Each structure stands twice: as structure tokens, then as C-alpha cells.
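Chemist: Quick one, protein_13.cif (mmCIF, N, CA, C and O atoms):
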data_final
#
loop_
_atom_site.label_atom_id
_atom_site.label_comp_id
_atom_site.auth_asym_id
_atom_site.auth_seq_id
_atom_site.Cartn_x
_atom_site.Cartn_y
_atom_site.Cartn_z
N SER J 18 -17.86 -7.88 1.49
CA SER J 18 -18.54 -7.71 2.76
C SER J 18 -17.57 -7.47 3.91
O SER J 18 -17.97 -7.01 4.96
N CYS J 19 -16.29 -7.76 3.71
CA CYS J 19 -15.29 -7.57 4.76
C CYS J 19 -14.49 -6.29 4.54
O CYS J 19 -13.58 -6.00 5.31
N SER J 20 -14.79 -5.54 3.53
CA SER J 20 -14.02 -4.35 3.20
C SER J 20 -14.11 -3.28 4.28
O SER J 20 -15.14 -3.09 4.91
N THR J 21 -13.02 -2.57 4.46
CA THR J 21 -12.99 -1.45 5.41
C THR J 21 -12.95 -0.11 4.68
O THR J 21 -12.72 0.92 5.30
N HIS J 22 -13.20 -0.13 3.37
CA HIS J 22 -13.08 1.12 2.62
C HIS J 22 -14.01 2.22 3.13
O HIS J 22 -13.72 3.39 3.02
N SER J 23 -15.11 1.85 3.74
CA SER J 23 -16.03 2.87 4.27
C SER J 23 -15.47 3.55 5.52
O SER J 23 -15.97 4.59 5.94
N LEU J 24 -14.43 3.00 6.10
CA LEU J 24 -13.82 3.58 7.30
C LEU J 24 -12.67 4.54 7.00
O LEU J 24 -12.24 5.27 7.88
N LEU J 25 -12.19 4.54 5.78
CA LEU J 25 -11.04 5.37 5.43
C LEU J 25 -11.28 6.86 5.64
O LEU J 25 -10.36 7.60 5.97
N GLU J 26 -12.50 7.30 5.46
CA GLU J 26 -12.77 8.73 5.61
C GLU J 26 -12.77 9.17 7.07
O GLU J 26 -12.73 10.36 7.36
N ASP J 27 -12.78 8.22 8.00
CA ASP J 27 -12.78 8.55 9.43
C ASP J 27 -11.40 8.48 10.08
O ASP J 27 -11.25 8.79 11.26
N ILE J 28 -10.38 8.11 9.33
CA ILE J 28 -9.04 7.99 9.90
C ILE J 28 -8.51 9.35 10.29
O ILE J 28 -8.53 10.29 9.50
N GLN J 29 -8.02 9.44 11.53
CA GLN J 29 -7.55 10.72 12.04
C GLN J 29 -6.04 10.78 12.25
O GLN J 29 -5.49 11.85 12.48
N ILE J 30 -5.36 9.65 12.19
CA ILE J 30 -3.90 9.65 12.32
C ILE J 30 -3.29 9.37 10.96
O ILE J 30 -3.91 8.70 10.13
N PRO J 31 -2.10 9.88 10.68
CA PRO J 31 -1.47 9.63 9.38
C PRO J 31 -1.36 8.14 9.09
O PRO J 31 -0.90 7.36 9.92
N THR J 32 -1.81 7.76 7.90
CA THR J 32 -1.87 6.35 7.51
C THR J 32 -1.41 6.21 6.07
O THR J 32 -1.76 7.01 5.22
N VAL J 33 -0.63 5.18 5.80
CA VAL J 33 -0.17 4.89 4.45
C VAL J 33 -0.91 3.66 3.94
O VAL J 33 -0.93 2.62 4.61
N VAL J 34 -1.50 3.78 2.75
CA VAL J 34 -2.12 2.64 2.08
C VAL J 34 -1.22 2.30 0.91
O VAL J 34 -1.01 3.10 0.01
N LEU J 35 -0.66 1.11 0.95
CA LEU J 35 0.26 0.64 -0.08
C LEU J 35 -0.42 -0.51 -0.81
O LEU J 35 -0.85 -1.48 -0.18
N ALA J 36 -0.56 -0.38 -2.13
CA ALA J 36 -1.29 -1.39 -2.89
C ALA J 36 -0.69 -1.53 -4.29
O ALA J 36 0.06 -0.67 -4.74
N ALA J 37 -1.06 -2.62 -4.94
CA ALA J 37 -0.59 -2.87 -6.30
C ALA J 37 -1.78 -3.06 -7.24
O ALA J 37 -2.81 -3.58 -6.84
N HIS J 38 -1.57 -2.65 -8.48
CA HIS J 38 -2.62 -2.80 -9.49
C HIS J 38 -2.96 -4.26 -9.75
O HIS J 38 -4.07 -4.57 -10.14
N ASP J 39 -1.98 -5.14 -9.55
CA ASP J 39 -2.22 -6.55 -9.87
C ASP J 39 -2.55 -7.40 -8.64
O ASP J 39 -2.38 -8.62 -8.66
N ASP J 40 -3.05 -6.78 -7.59
CA ASP J 40 -3.44 -7.52 -6.39
C ASP J 40 -4.56 -8.49 -6.74
O ASP J 40 -5.60 -8.08 -7.24
N PRO J 41 -4.37 -9.80 -6.49
CA PRO J 41 -5.40 -10.76 -6.87
C PRO J 41 -6.59 -10.81 -5.91
O PRO J 41 -7.61 -11.41 -6.22
N PHE J 42 -6.49 -10.18 -4.74
CA PHE J 42 -7.55 -10.25 -3.75
C PHE J 42 -8.39 -8.99 -3.66
O PHE J 42 -9.59 -9.05 -3.43
N ILE J 43 -7.77 -7.83 -3.79
CA ILE J 43 -8.48 -6.56 -3.66
C ILE J 43 -8.48 -5.85 -5.02
O ILE J 43 -7.42 -5.43 -5.50
N PRO J 44 -9.62 -5.71 -5.64
CA PRO J 44 -9.68 -5.02 -6.93
C PRO J 44 -9.17 -3.58 -6.80
O PRO J 44 -9.56 -2.84 -5.89
N PHE J 45 -8.29 -3.20 -7.69
CA PHE J 45 -7.68 -1.87 -7.64
C PHE J 45 -8.73 -0.77 -7.70
O PHE J 45 -8.57 0.29 -7.09
N GLU J 46 -9.81 -1.00 -8.39
CA GLU J 46 -10.87 0.00 -8.53
C GLU J 46 -11.48 0.37 -7.18
O GLU J 46 -11.98 1.47 -7.00
N ASP J 47 -11.43 -0.54 -6.22
CA ASP J 47 -11.99 -0.28 -4.89
C ASP J 47 -11.28 0.89 -4.21
O ASP J 47 -11.90 1.65 -3.47
N TYR J 48 -9.99 1.03 -4.45
CA TYR J 48 -9.25 2.14 -3.84
C TYR J 48 -9.72 3.48 -4.39
O TYR J 48 -9.79 4.47 -3.67
N HIS J 49 -10.02 3.52 -5.66
CA HIS J 49 -10.48 4.77 -6.27
C HIS J 49 -11.92 5.10 -5.87
O HIS J 49 -12.30 6.26 -5.81
N ALA J 50 -12.71 4.10 -5.59
CA ALA J 50 -14.10 4.32 -5.19
C ALA J 50 -14.23 4.75 -3.73
O ALA J 50 -15.20 5.41 -3.36
N ALA J 51 -13.23 4.41 -2.92
CA ALA J 51 -13.30 4.71 -1.48
C ALA J 51 -13.02 6.19 -1.22
O ALA J 51 -12.18 6.80 -1.88
N LYS J 52 -13.72 6.75 -0.26
CA LYS J 52 -13.46 8.11 0.19
C LYS J 52 -12.46 8.01 1.34
O LYS J 52 -12.67 7.24 2.27
N ALA J 53 -11.40 8.79 1.28
CA ALA J 53 -10.37 8.75 2.31
C ALA J 53 -10.20 10.13 2.93
O ALA J 53 -10.38 11.15 2.26
N SER J 54 -9.84 10.15 4.19
CA SER J 54 -9.59 11.43 4.86
C SER J 54 -8.28 12.03 4.36
O SER J 54 -7.49 11.36 3.70
N LYS J 55 -8.02 13.26 4.73
CA LYS J 55 -6.78 13.92 4.33
C LYS J 55 -5.57 13.30 5.01
O LYS J 55 -4.44 13.56 4.63
N ASN J 56 -5.79 12.45 6.00
CA ASN J 56 -4.70 11.80 6.72
C ASN J 56 -4.25 10.50 6.07
O ASN J 56 -3.32 9.87 6.53
N VAL J 57 -4.91 10.10 5.00
CA VAL J 57 -4.57 8.86 4.31
C VAL J 57 -3.74 9.18 3.08
O VAL J 57 -4.17 9.92 2.20
N TYR J 58 -2.54 8.63 3.05
CA TYR J 58 -1.65 8.76 1.89
C TYR J 58 -1.67 7.44 1.14
O TYR J 58 -1.50 6.39 1.75
N THR J 59 -1.92 7.48 -0.15
CA THR J 59 -1.95 6.25 -0.94
C THR J 59 -0.73 6.17 -1.84
O THR J 59 -0.28 7.18 -2.39
N HIS J 60 -0.20 4.98 -1.97
CA HIS J 60 0.91 4.72 -2.87
C HIS J 60 0.59 3.45 -3.63
O HIS J 60 0.38 2.40 -3.03
N PHE J 61 0.52 3.55 -4.94
CA PHE J 61 0.15 2.42 -5.78
C PHE J 61 1.31 2.03 -6.69
O PHE J 61 1.90 2.88 -7.35
N GLU J 62 1.62 0.75 -6.70
CA GLU J 62 2.65 0.19 -7.57
C GLU J 62 1.96 -0.58 -8.69
O GLU J 62 0.89 -1.15 -8.47
N PRO J 63 2.56 -0.62 -9.88
CA PRO J 63 1.93 -1.37 -10.97
C PRO J 63 1.95 -2.89 -10.73
O PRO J 63 1.05 -3.59 -11.16
N PHE J 64 2.97 -3.37 -10.03
CA PHE J 64 3.11 -4.80 -9.77
C PHE J 64 3.43 -5.03 -8.30
O PHE J 64 3.91 -4.13 -7.63
N GLY J 65 3.20 -6.21 -7.84
CA GLY J 65 3.53 -6.54 -6.47
C GLY J 65 2.56 -7.53 -5.86
O GLY J 65 2.82 -8.08 -4.80
N GLY J 66 1.43 -7.73 -6.52
CA GLY J 66 0.46 -8.68 -5.99
C GLY J 66 -0.11 -8.23 -4.67
O GLY J 66 -0.27 -7.04 -4.42
N HIS J 67 -0.39 -9.17 -3.82
CA HIS J 67 -0.96 -8.87 -2.51
C HIS J 67 0.16 -8.87 -1.48
O HIS J 67 0.59 -9.91 -1.01
N MET J 68 0.65 -7.70 -1.17
CA MET J 68 1.74 -7.50 -0.21
C MET J 68 3.03 -8.19 -0.65
O MET J 68 3.83 -8.60 0.18
N GLY J 69 3.27 -8.30 -1.92
CA GLY J 69 4.48 -8.95 -2.43
C GLY J 69 5.53 -7.94 -2.83
O GLY J 69 6.06 -8.00 -3.93
N TYR J 70 5.84 -7.02 -1.96
CA TYR J 70 6.74 -5.92 -2.30
C TYR J 70 8.18 -6.31 -2.03
O TYR J 70 8.77 -5.95 -1.01
N LEU J 71 8.75 -7.06 -2.96
CA LEU J 71 10.12 -7.50 -2.84
C LEU J 71 10.96 -6.91 -3.96
O LEU J 71 10.47 -6.70 -5.07
N THR J 72 12.22 -6.63 -3.67
CA THR J 72 13.13 -6.09 -4.66
C THR J 72 14.11 -7.17 -5.11
O THR J 72 14.26 -8.20 -4.45
N ARG J 73 14.78 -6.91 -6.21
CA ARG J 73 15.81 -7.85 -6.67
C ARG J 73 17.07 -7.72 -5.81
O ARG J 73 17.73 -8.70 -5.52
N GLU J 74 17.40 -6.50 -5.46
CA GLU J 74 18.60 -6.24 -4.66
C GLU J 74 18.20 -5.93 -3.23
O GLU J 74 17.09 -5.47 -2.97
N LYS J 75 19.10 -6.12 -2.30
CA LYS J 75 18.82 -5.80 -0.90
C LYS J 75 18.68 -4.29 -0.71
O LYS J 75 19.38 -3.51 -1.36
N THR J 76 17.79 -3.89 0.16
CA THR J 76 17.63 -2.48 0.50
C THR J 76 18.70 -2.09 1.52
O THR J 76 19.38 -2.97 2.07
N PRO J 77 18.84 -0.81 1.83
CA PRO J 77 19.79 -0.40 2.88
C PRO J 77 19.49 -1.02 4.25
O PRO J 77 20.34 -1.02 5.14
N LEU J 78 18.30 -1.57 4.42
CA LEU J 78 17.98 -2.24 5.69
C LEU J 78 18.53 -3.66 5.73
O LEU J 78 18.45 -4.32 6.76
N GLY J 79 19.06 -4.15 4.61
CA GLY J 79 19.70 -5.45 4.59
C GLY J 79 18.85 -6.61 4.12
O GLY J 79 19.30 -7.74 4.12
N ASP J 80 17.61 -6.35 3.73
CA ASP J 80 16.79 -7.43 3.20
C ASP J 80 16.18 -7.00 1.88
O ASP J 80 16.53 -5.96 1.34
N LYS J 81 15.28 -7.76 1.34
CA LYS J 81 14.68 -7.45 0.04
C LYS J 81 13.25 -6.97 0.14
O LYS J 81 12.52 -6.96 -0.83
N ARG J 82 12.84 -6.56 1.32
CA ARG J 82 11.47 -6.09 1.51
C ARG J 82 11.37 -4.60 1.19
O ARG J 82 11.67 -3.75 2.03
N TRP J 83 10.89 -4.28 0.01
CA TRP J 83 10.77 -2.90 -0.42
C TRP J 83 9.80 -2.13 0.47
O TRP J 83 10.03 -0.97 0.80
N GLN J 84 8.70 -2.77 0.86
CA GLN J 84 7.69 -2.09 1.68
C GLN J 84 8.29 -1.60 2.99
O GLN J 84 8.07 -0.46 3.39
N ASP J 85 9.03 -2.44 3.67
CA ASP J 85 9.64 -2.05 4.95
C ASP J 85 10.54 -0.84 4.77
O ASP J 85 10.52 0.10 5.56
N TYR J 86 11.34 -0.86 3.72
CA TYR J 86 12.27 0.25 3.47
C TYR J 86 11.51 1.52 3.11
O TYR J 86 11.84 2.61 3.59
N ALA J 87 10.46 1.42 2.29
CA ALA J 87 9.68 2.59 1.90
C ALA J 87 9.03 3.25 3.11
O ALA J 87 8.99 4.48 3.21
N LEU J 88 8.54 2.46 4.03
CA LEU J 88 7.90 3.01 5.22
C LEU J 88 8.91 3.53 6.23
O LEU J 88 8.63 4.42 7.00
N TYR J 89 10.11 2.96 6.21
CA TYR J 89 11.18 3.36 7.12
C TYR J 89 11.68 4.76 6.81
O TYR J 89 11.98 5.54 7.70
N GLU J 90 11.78 5.07 5.52
CA GLU J 90 12.30 6.39 5.10
C GLU J 90 11.42 7.41 5.66
O GLU J 90 11.22 8.37 5.89
#
Mind turning the file's structure into C-alpha cells?
Modeler:
Amino acid sequence: SCSTHSLLEDIQIPTVVLAAHDDPFIPFEDYHAAKASKNVYTHFEPFGGHMGYLTREKTPLGDKRWQDYALYE
């Protein structure tokens, strides 16, 4: 009931959706069912949980947050 997937098709500015297949809160199938505008770029990782995008080694930004580095590039 709190999902915003119905709003994805109305997005007009470039947007990145980063998600993992093993997210315990948002079923991965919901992303495939949602209609998204051409301005929405999706990136899916097999693992990572709910926003748990950490690396073993530090990124060039100096920390272990993979998500921050991926969006920075």
C-alpha cells in the first residue's frame, strides 16, 4: 500500500533505481511489474539486501560504499 511503483512512469528527470534480488523488504518481482518512463535507469545486483551495497575493499572514494561510488561515476 506504500509502494510508489505506479509513479515511475511519470518521472521526467533522469533517475537511477538500484536494487538487489535478495532485498527482504521489496519483492524483486515488483520492479519488473512496474511501468517506468524512459528517464528511469534500473540496475539490479544479485545480492545486497535492502540498501546494503558494501564492498570488501575501499572504493576510490575512500570508503566501502559501492552505491555511492557507482552513482558518483
Chemist: Could you tell me which residues the PyMOL selection byres ((chain J and resi 53) around 4.5) grabs in this file, written as a ChimeraX atom specification?
Modeler: /J:25-26,51-52,54-55
Chemist: Could you check how far atom N of Asp40 (chain J) sits from atom N of Phe61 (chain J), in Å to one decimal?
Modeler: 11.2 Å
Chemist: Please identify which residues in chain J DSSP calls alpha helix (DSSP H) from the backbone, and express them as a list in words.
Modeler: Phe45, Glu46, Asp47, Tyr48, His49, Ala50, Trp83, Gln84, Asp85, Tyr86, Ala87, Leu88 and Tyr89 of chain J
Chemist: Looking only at the backbone, which of the residues in chain J does DSSP tag as strand (DSSP E), as an MDAnalysis selection string?
Modeler: chainID J and resid 32:37 57:62
Chemist: Can you pull out every residue within 8 Å of region 31-36 of chain J, counting all atoms listed in the file, but drop anything in the same chain fewer than 3 positions away, and send it as a list of chain:residue names?
Modeler: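 So the residues in contact are J:Ile28, J:Asp39, J:Asp40, J:Ile43, J:Phe45, J:Ser54, J:Lys55, J:Asn56, J:Val57, J:Tyr58, J:Thr59, J:His60, J:Phe61, J:Glu62, J:Pro63, J:Phe64, J:Gly65, J:Gly66, J:His67, J:Met68.
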Chemist: Next, write the just-selected residues to a file, as an mmCIF file, in the coordinates of the input, keeping N, CA, C and O atoms as the atom set.
Modeler:
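Wrote it out as result-v9.cif, contents follow:
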data_model
loop_
_atom_site.group_PDB
_atom_site.id
_atom_site.type_symbol
_atom_site.label_atom_id
_atom_site.label_comp_id
_atom_site.auth_asym_id
_atom_site.auth_seq_id
_atom_site.Cartn_x
_atom_site.Cartn_y
_atom_site.Cartn_z
ATOM 1 N N ILE J 28 -10.380 8.110 9.330
ATOM 2 C CA ILE J 28 -9.040 7.990 9.900
ATOM 3 C C ILE J 28 -8.510 9.350 10.290
ATOM 4 O O ILE J 28 -8.530 10.290 9.500
ATOM 5 N N ASP J 39 -1.980 -5.140 -9.550
ATOM 6 C CA ASP J 39 -2.220 -6.550 -9.870
ATOM 7 C C ASP J 39 -2.550 -7.400 -8.640
ATOM 8 O O ASP J 39 -2.380 -8.620 -8.660
ATOM 9 N N ASP J 40 -3.050 -6.780 -7.590
ATOM 10 C CA ASP J 40 -3.440 -7.520 -6.390
ATOM 11 C C ASP J 40 -4.560 -8.490 -6.740
ATOM 12 O O ASP J 40 -5.600 -8.080 -7.240
ATOM 13 N N ILE J 43 -7.770 -7.830 -3.790
ATOM 14 C CA ILE J 43 -8.480 -6.560 -3.660
ATOM 15 C C ILE J 43 -8.480 -5.850 -5.020
ATOM 16 O O ILE J 43 -7.420 -5.430 -5.500
ATOM 17 N N PHE J 45 -8.290 -3.200 -7.690
ATOM 18 C CA PHE J 45 -7.680 -1.870 -7.640
ATOM 19 C C PHE J 45 -8.730 -0.770 -7.700
ATOM 20 O O PHE J 45 -8.570 0.290 -7.090
ATOM 21 N N SER J 54 -9.840 10.150 4.190
ATOM 22 C CA SER J 54 -9.590 11.430 4.860
ATOM 23 C C SER J 54 -8.280 12.030 4.360
ATOM 24 O O SER J 54 -7.490 11.360 3.700
ATOM 25 N N LYS J 55 -8.020 13.260 4.730
ATOM 26 C CA LYS J 55 -6.780 13.920 4.330
ATOM 27 C C LYS J 55 -5.570 13.300 5.010
ATOM 28 O O LYS J 55 -4.440 13.560 4.630
ATOM 29 N N ASN J 56 -5.790 12.450 6.000
ATOM 30 C CA ASN J 56 -4.700 11.800 6.720
ATOM 31 C C ASN J 56 -4.250 10.500 6.070
ATOM 32 O O ASN J 56 -3.320 9.870 6.530
ATOM 33 N N VAL J 57 -4.910 10.100 5.000
ATOM 34 C CA VAL J 57 -4.570 8.860 4.310
ATOM 35 C C VAL J 57 -3.740 9.180 3.080
ATOM 36 O O VAL J 57 -4.170 9.920 2.200
ATOM 37 N N TYR J 58 -2.540 8.630 3.050
ATOM 38 C CA TYR J 58 -1.650 8.760 1.890
ATOM 39 C C TYR J 58 -1.670 7.440 1.140
ATOM 40 O O TYR J 58 -1.500 6.390 1.750
ATOM 41 N N THR J 59 -1.920 7.480 -0.150
ATOM 42 C CA THR J 59 -1.950 6.250 -0.940
ATOM 43 C C THR J 59 -0.730 6.170 -1.840
ATOM 44 O O THR J 59 -0.280 7.180 -2.390
ATOM 45 N N HIS J 60 -0.200 4.980 -1.970
ATOM 46 C CA HIS J 60 0.910 4.720 -2.870
ATOM 47 C C HIS J 60 0.590 3.450 -3.630
ATOM 48 O O HIS J 60 0.380 2.400 -3.030
ATOM 49 N N PHE J 61 0.520 3.550 -4.940
ATOM 50 C CA PHE J 61 0.150 2.420 -5.780
ATOM 51 C C PHE J 61 1.310 2.030 -6.690
ATOM 52 O O PHE J 61 1.900 2.880 -7.350
ATOM 53 N N GLU J 62 1.620 0.750 -6.700
ATOM 54 C CA GLU J 62 2.650 0.190 -7.570
ATOM 55 C C GLU J 62 1.960 -0.580 -8.690
ATOM 56 O O GLU J 62 0.890 -1.150 -8.470
ATOM 57 N N PRO J 63 2.560 -0.620 -9.880
ATOM 58 C CA PRO J 63 1.930 -1.370 -10.970
ATOM 59 C C PRO J 63 1.950 -2.890 -10.730
ATOM 60 O O PRO J 63 1.050 -3.590 -11.160
ATOM 61 N N PHE J 64 2.970 -3.370 -10.030
ATOM 62 C CA PHE J 64 3.110 -4.800 -9.770
ATOM 63 C C PHE J 64 3.430 -5.030 -8.300
ATOM 64 O O PHE J 64 3.910 -4.130 -7.630
ATOM 65 N N GLY J 65 3.200 -6.210 -7.840
ATOM 66 C CA GLY J 65 3.530 -6.540 -6.470
ATOM 67 C C GLY J 65 2.560 -7.530 -5.860
ATOM 68 O O GLY J 65 2.820 -8.080 -4.800
ATOM 69 N N GLY J 66 1.430 -7.730 -6.520
ATOM 70 C CA GLY J 66 0.460 -8.680 -5.990
ATOM 71 C C GLY J 66 -0.110 -8.230 -4.670
ATOM 72 O O GLY J 66 -0.270 -7.040 -4.420
ATOM 73 N N HIS J 67 -0.390 -9.170 -3.820
ATOM 74 C CA HIS J 67 -0.960 -8.870 -2.510
ATOM 75 C C HIS J 67 0.160 -8.870 -1.480
ATOM 76 O O HIS J 67 0.590 -9.910 -1.010
ATOM 77 N N MET J 68 0.650 -7.700 -1.170
ATOM 78 C CA MET J 68 1.740 -7.500 -0.210
ATOM 79 C C MET J 68 3.030 -8.190 -0.650
ATOM 80 O O MET J 68 3.830 -8.600 0.180
#
Chemist: If I take atom N of Trp83 (chain J) and atom N of His22 (chain J), how far is one from the other in Å, to one decimal?
Modeler: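 That distance, rounded to one decimal, is 24.7 Å.
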Chemist: What is the distance between CA of Thr76 (chain J) and CA of Phe42 (chain J), in Å to one decimal?
Modeler: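 Interatomic distance here is 26.7 Å.
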Chemist: Can you list, as a PyMOL selection string, every protein, DNA or RNA residue that comes within 12 Å of Thr72 (chain J) when you count only C-alpha atoms, leaving out same-chain residues fewer than 3 positions away?
Modeler: chain J and resi 64-65+69+75-77+79-87
